[in-house]
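Q: Sending over start-v6.txt (compact mmCIF, C-alpha atoms).
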# COMPACT_ATOMS: atom_id res chain seq x y z
CA HIS A 25 0.00 0.00 0.00
CA ARG A 26 1.18 3.49 -0.71
CA LYS A 27 1.55 5.93 2.15
CA LEU A 28 -1.63 8.01 2.28
CA ARG A 29 -1.18 11.67 3.15
CA ASN A 30 -4.23 13.23 1.51
CA MET A 31 -5.54 15.56 4.18
CA THR A 32 -8.78 16.02 2.26
CA ALA A 33 -9.61 12.37 2.83
CA THR A 34 -13.00 11.59 4.34
CA ILE A 35 -12.41 9.85 7.66
CA ALA A 36 -15.17 8.04 9.53
CA ILE A 37 -15.27 6.03 12.76
CA THR A 38 -18.26 3.68 12.71
CA PRO A 39 -19.58 1.29 15.37
CA ILE A 40 -19.42 -2.37 14.37
CA GLU A 41 -21.92 -4.95 15.57
CA ILE A 42 -21.49 -8.73 15.39
CA GLY A 43 -22.44 -8.81 11.68
CA GLY A 44 -19.55 -6.46 10.86
CA LEU A 45 -16.87 -8.46 12.66
CA PRO A 46 -15.55 -10.12 9.46
CA ARG A 47 -14.29 -6.62 8.53
CA VAL A 48 -12.33 -6.46 11.81
CA ARG A 49 -10.91 -9.93 11.22
CA ALA A 50 -9.86 -9.04 7.66
CA LEU A 51 -8.02 -5.95 8.88
CA ALA A 52 -6.30 -7.90 11.66
CA LEU A 53 -5.06 -10.49 9.16
CA GLU A 54 -3.52 -7.67 7.12
CA ILE A 55 -2.20 -5.42 9.89
CA TRP A 56 -0.82 -7.88 12.46
CA PRO A 57 2.07 -9.37 10.43
CA GLU A 58 3.44 -5.88 9.78
CA ALA A 59 2.66 -4.44 13.22
CA PHE A 60 4.34 -7.29 15.08
CA ALA A 61 7.28 -7.91 12.72
CA GLY A 62 10.37 -8.23 14.90
CA ILE A 63 8.25 -8.38 18.07
CA ILE A 64 6.46 -11.71 17.69
CA PRO A 65 8.14 -14.49 15.69
CA ALA A 66 6.51 -14.60 12.24
CA ASP A 67 5.66 -18.30 12.56
CA ARG A 68 3.54 -17.59 15.67
CA ILE A 69 1.39 -14.84 14.15
CA PRO A 70 -1.01 -17.01 12.07
CA GLY A 71 -1.93 -19.19 15.07
CA MET A 72 -2.42 -16.19 17.31
CA LEU A 73 -4.58 -14.46 14.70
CA ALA A 74 -6.66 -17.62 14.26
CA GLU A 75 -7.37 -17.72 17.98
CA ILE A 76 -7.74 -14.03 18.88
CA TYR A 77 -9.66 -13.03 15.75
CA ALA A 78 -11.90 -16.07 15.37
CA LEU A 79 -15.38 -14.71 14.66
CA ASP A 80 -16.87 -16.61 17.62
CA THR A 81 -14.27 -15.04 19.95
CA LEU A 82 -14.96 -11.54 18.62
CA SER A 83 -18.72 -12.14 18.82
CA ALA A 84 -18.39 -13.27 22.44
CA ASP A 85 -16.46 -10.05 23.18
CA ILE A 86 -19.58 -8.12 22.21
CA ALA A 87 -22.34 -10.49 23.36
CA GLU A 88 -20.80 -11.72 26.63
CA ARG A 89 -18.00 -9.35 27.67
CA GLY A 90 -19.50 -5.93 26.95
CA HIS A 91 -16.89 -4.92 24.39
CA ARG A 92 -17.69 -2.37 21.72
CA TYR A 93 -15.95 -2.24 18.32
CA TRP A 94 -15.36 0.49 15.76
CA ILE A 95 -13.96 0.57 12.23
CA ALA A 96 -12.01 3.51 10.85
CA THR A 97 -12.45 4.24 7.15
CA VAL A 98 -10.63 6.62 4.86
CA ASP A 99 -12.61 7.51 1.74
CA GLY A 100 -14.84 4.50 2.42
CA VAL A 101 -11.97 1.98 2.72
CA ASP A 102 -11.52 0.05 5.98
CA THR A 103 -8.20 1.15 7.44
CA GLY A 104 -8.25 0.37 11.16
CA PHE A 105 -10.25 -0.80 14.13
CA GLY A 106 -10.49 -0.48 17.86
CA SER A 107 -12.39 -1.99 20.73
CA ALA A 108 -13.00 -0.99 24.32
CA TYR A 109 -14.87 -2.09 27.41
CA ARG A 110 -15.33 -0.87 30.98
CA ASP A 111 -14.29 -2.66 34.14
CA GLY A 112 -15.23 -0.73 37.27
CA THR A 113 -14.26 2.91 36.74
CA ARG A 114 -11.67 2.19 34.04
CA VAL A 115 -12.17 2.03 30.27
CA TRP A 116 -9.87 -0.54 28.70
CA ILE A 117 -8.73 -0.09 25.12
CA LYS A 118 -8.61 -3.73 24.10
CA LYS A 119 -7.66 -3.50 20.42
CA LEU A 120 -6.26 -0.57 18.43
CA TYR A 121 -4.78 -1.17 14.99
CA VAL A 122 -4.36 1.02 11.92
CA ARG A 123 -2.93 0.12 8.50
CA ALA A 124 0.64 1.38 8.07
CA SER A 125 -0.46 3.23 4.91
CA THR A 126 -2.84 5.42 6.92
CA ARG A 127 -0.82 6.04 10.09
CA GLY A 128 -0.34 9.72 10.81
CA LEU A 129 -3.88 10.74 9.85
CA GLY A 130 -5.09 10.68 13.46
CA LEU A 131 -7.07 7.45 13.14
CA GLY A 132 -5.55 5.87 16.25
CA LYS A 133 -6.35 8.95 18.30
CA ARG A 134 -9.90 9.08 16.96
CA LEU A 135 -10.48 5.37 17.59
CA MET A 136 -9.12 5.71 21.14
CA ASP A 137 -11.18 8.83 21.86
CA THR A 138 -14.30 7.10 20.51
CA GLY A 139 -13.72 4.12 22.80
CA ILE A 140 -13.25 6.36 25.83
CA ALA A 141 -16.34 8.44 25.01
CA ALA A 142 -18.46 5.28 24.73
CA PHE A 143 -18.15 4.76 28.49
CA PRO A 144 -18.96 8.13 30.09
CA GLY A 145 -18.19 8.61 33.77
CA SER A 146 -15.05 6.49 33.69
CA GLU A 147 -12.15 7.77 35.79
CA SER A 148 -9.21 6.33 33.86
CA VAL A 149 -8.25 4.54 30.67
CA GLY A 150 -5.89 1.60 30.47
CA LEU A 151 -4.46 -0.80 27.93
CA TYR A 152 -1.99 -3.63 27.54
CA VAL A 153 0.90 -3.33 25.09
CA ASN A 154 3.71 -5.74 24.33
CA ASN A 155 6.81 -4.42 26.11
CA GLY A 156 8.78 -4.73 22.86
CA ASN A 157 6.36 -2.67 20.76
CA ALA A 158 8.28 0.63 20.79
CA PRO A 159 6.11 2.43 18.18
CA ALA A 160 2.88 1.67 20.08
CA ILE A 161 4.44 2.58 23.44
CA ALA A 162 5.62 5.91 21.99
CA PHE A 163 2.12 6.59 20.61
CA TYR A 164 0.49 5.84 23.98
CA ARG A 165 3.03 8.02 25.83
CA SER A 166 2.20 10.86 23.41
CA ARG A 167 -1.43 10.45 24.48
CA GLY A 168 -0.52 10.87 28.18
CA PHE A 169 -0.23 7.21 29.17
CA ALA A 170 2.39 5.99 31.64
CA VAL A 171 3.50 2.45 32.45
CA GLU A 172 1.58 1.28 35.51
CA ALA A 173 2.81 -2.33 35.64
CA GLU A 174 4.70 -5.03 33.76
CA VAL A 175 2.74 -8.28 33.61
CA PRO A 176 3.08 -11.74 32.09
CA VAL A 177 0.46 -12.45 29.41
CA ARG A 178 -0.46 -15.72 27.70
CA MET A 179 -1.83 -15.63 24.15
CA GLY A 180 -2.76 -19.13 23.15
CA PRO A 181 0.30 -21.28 23.91
CA TYR A 182 2.68 -18.28 23.92
CA ASP A 183 3.94 -16.23 26.85
CA PHE A 184 4.78 -12.51 26.61
CA ILE A 185 5.48 -9.58 28.86
CA ASP A 186 3.11 -6.64 28.48
CA PHE A 187 3.10 -3.18 29.95
CA VAL A 188 -0.15 -2.01 31.48
CA MET A 189 -0.32 1.66 30.54
CA ALA A 190 -2.91 4.05 31.93
CA ARG A 191 -3.90 7.65 32.39
CA PRO A 192 -6.62 9.47 34.29
CA LEU A 193 -9.61 10.91 32.43
Can I see the file as C-alpha cells?
A:
Amino acid sequence: HRKLRNMTATIAITPIEIGGLPRVRALALEIWPEAFAGIIPADRIPGMLAEIYALDTLSADIAERGHRYWIATVDGVDTGFGSAYRDGTRVWIKKLYVRASTRGLGLGKRLMDTGIAAFPGSESVGLYVNNGNAPAIAFYRSRGFAVEAEVPVRMGPYDFIDFVMARPL
C-alpha cells in the first residue's frame, strides 16, 4: 500500500456490531504481520490471529463481555479498528490497529477517543501493550499514558510480557 497523506480524505469512525466483525478480522489479518514484525516471531502470528480473531471469539467479546468495536475508514476503505470495554471505573482499550499506509492521519487517536467516550463517567483509561512494541508505546506516551505495571500475558500457547499503561480521564 502506498503511504496516504491526503488531508482532504473523508475519515469516519463507525460502530461495528457482530455482523460487521468479518471486517475487523480481515483488517487484523492484514495489519498484524506488519505491526508485530520483529516483536512476535513470524511463525507464531497465524496461530495467534486464528485464535484471537476467530469470529466466535470476537462475537463473544460483544455479546458476553460488553466490548464495543469500531472501524475507521478513509474515503470509504476500511483502514483500522479499535475496541473498548469498561471494568469498574476504568475504560480498557482492548484492540487498536491502523494500517501502516494510513498512520499519521489521526485514526488511532480518533479510535481511542471514541472508545473512551463510549463509556462516560469512567475515571481512567488503560491498555496492555507488548513491552517490545516501541512504536505503540511511543504513541500511547504521546497520548498521556504511563507504564503502571509489567505483567506476564499468555496468548494461546505463547507467553509474553506486556506493559499495562494508563492515564486518568
Q: Where's the centre, and what are the edge lengths in Å to one decimal, of a box along x, y and z enclosing all listed atoms of stretch 101-111 of chain A padded 6 Å per side, as lines of an AutoDock Vina configuration file?
A:
center_x = -11.8
center_y = -0.3
center_z = 18.4
size_x = 19.1
size_y = 16.6
size_z = 43.4
Q: Record the distance separating atom CA of A:Val48 and atom CA of A:Tyr77, expressed in Å with one decimal.
A: 8.1 Å
Q: Between A:Ile42, A:Ile35, A:Ala108, A:Met189, single out the one closest to A:Ala87, counting only C-alpha atoms.
A: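 Residue with the minimum atom-to-atom distance to A:Ala87: A:Ile42.
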Q: Can you pull out the residues contacting A:Arg92? Cut-off 9 Å, using only C-alpha atoms, and skip same-chain residues under 4 positions away; I want them as number ranges by chain.
A: A: 39-41, 85-86, 106-109, 139, 142
Q: Quick one: residues within 10 Å of A:Phe184, all atoms listed in the file counted, chain neighbours fewer than 2 positions away excluded, as a VMD selection string?
A: chain A and resid 64 154 to 156 175 to 179 182 186
Q: Find, counting all atoms listed in the file, the residue in A:Lys119, A:Phe143, A:Asp99, A:Arg89 that gets nearest to A:Ile76.
A: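 The shortest atom-to-atom distance to A:Ile76 comes from A:Lys119.
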Q: In Å to one decimal, how far is atom CA of A:Pro65 from atom CA of A:Lys133?
A: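 Going from atom CA of A:Lys133 over to atom CA of A:Pro65 covers 27.7 Å.
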Q: Which of these residues is nearest to A:Glu54, using only C-alpha atoms: A:Phe163, A:Tyr93, A:Phe187, A:Phe105?
A: A:Phe105
Q: What separation in Å, quoted to one decimal, exists between atom CA of A:Gly128 and atom CA of A:Val153?
A: 19.4 Å
Q: Between A:Thr34, A:Gly112, A:Glu88, A:Ala52, which has the minimum distance to A:Glu75 (counting only C-alpha atoms)?
A: A:Ala52
Q: Measuring between all atoms listed in the file, which one of A:Thr38, A:Asn157, A:Thr81, A:Ser148 shows the shortest distance to A:Ile185?
A: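 Between A:Thr38, A:Asn157, A:Thr81, A:Ser148, the residue approaching A:Ile185 most closely is A:Asn157.
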Q: Which residue out of A:Gly132, A:Tyr152, A:Glu147, A:Ala190 has the minimum interatomic distance to A:Gly168 when all atoms listed in the file are used?
A: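 Answer, going by the shortest atom-to-atom distance: A:Ala190.
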Q: Can you tell me, as a ChimeraX atom specification, which residues sit within 12 Å of (-15.2, -0.2, 35.0) in the file's frame, using all atoms listed in the file?
A: /A:90-91,108-117,140,143-150
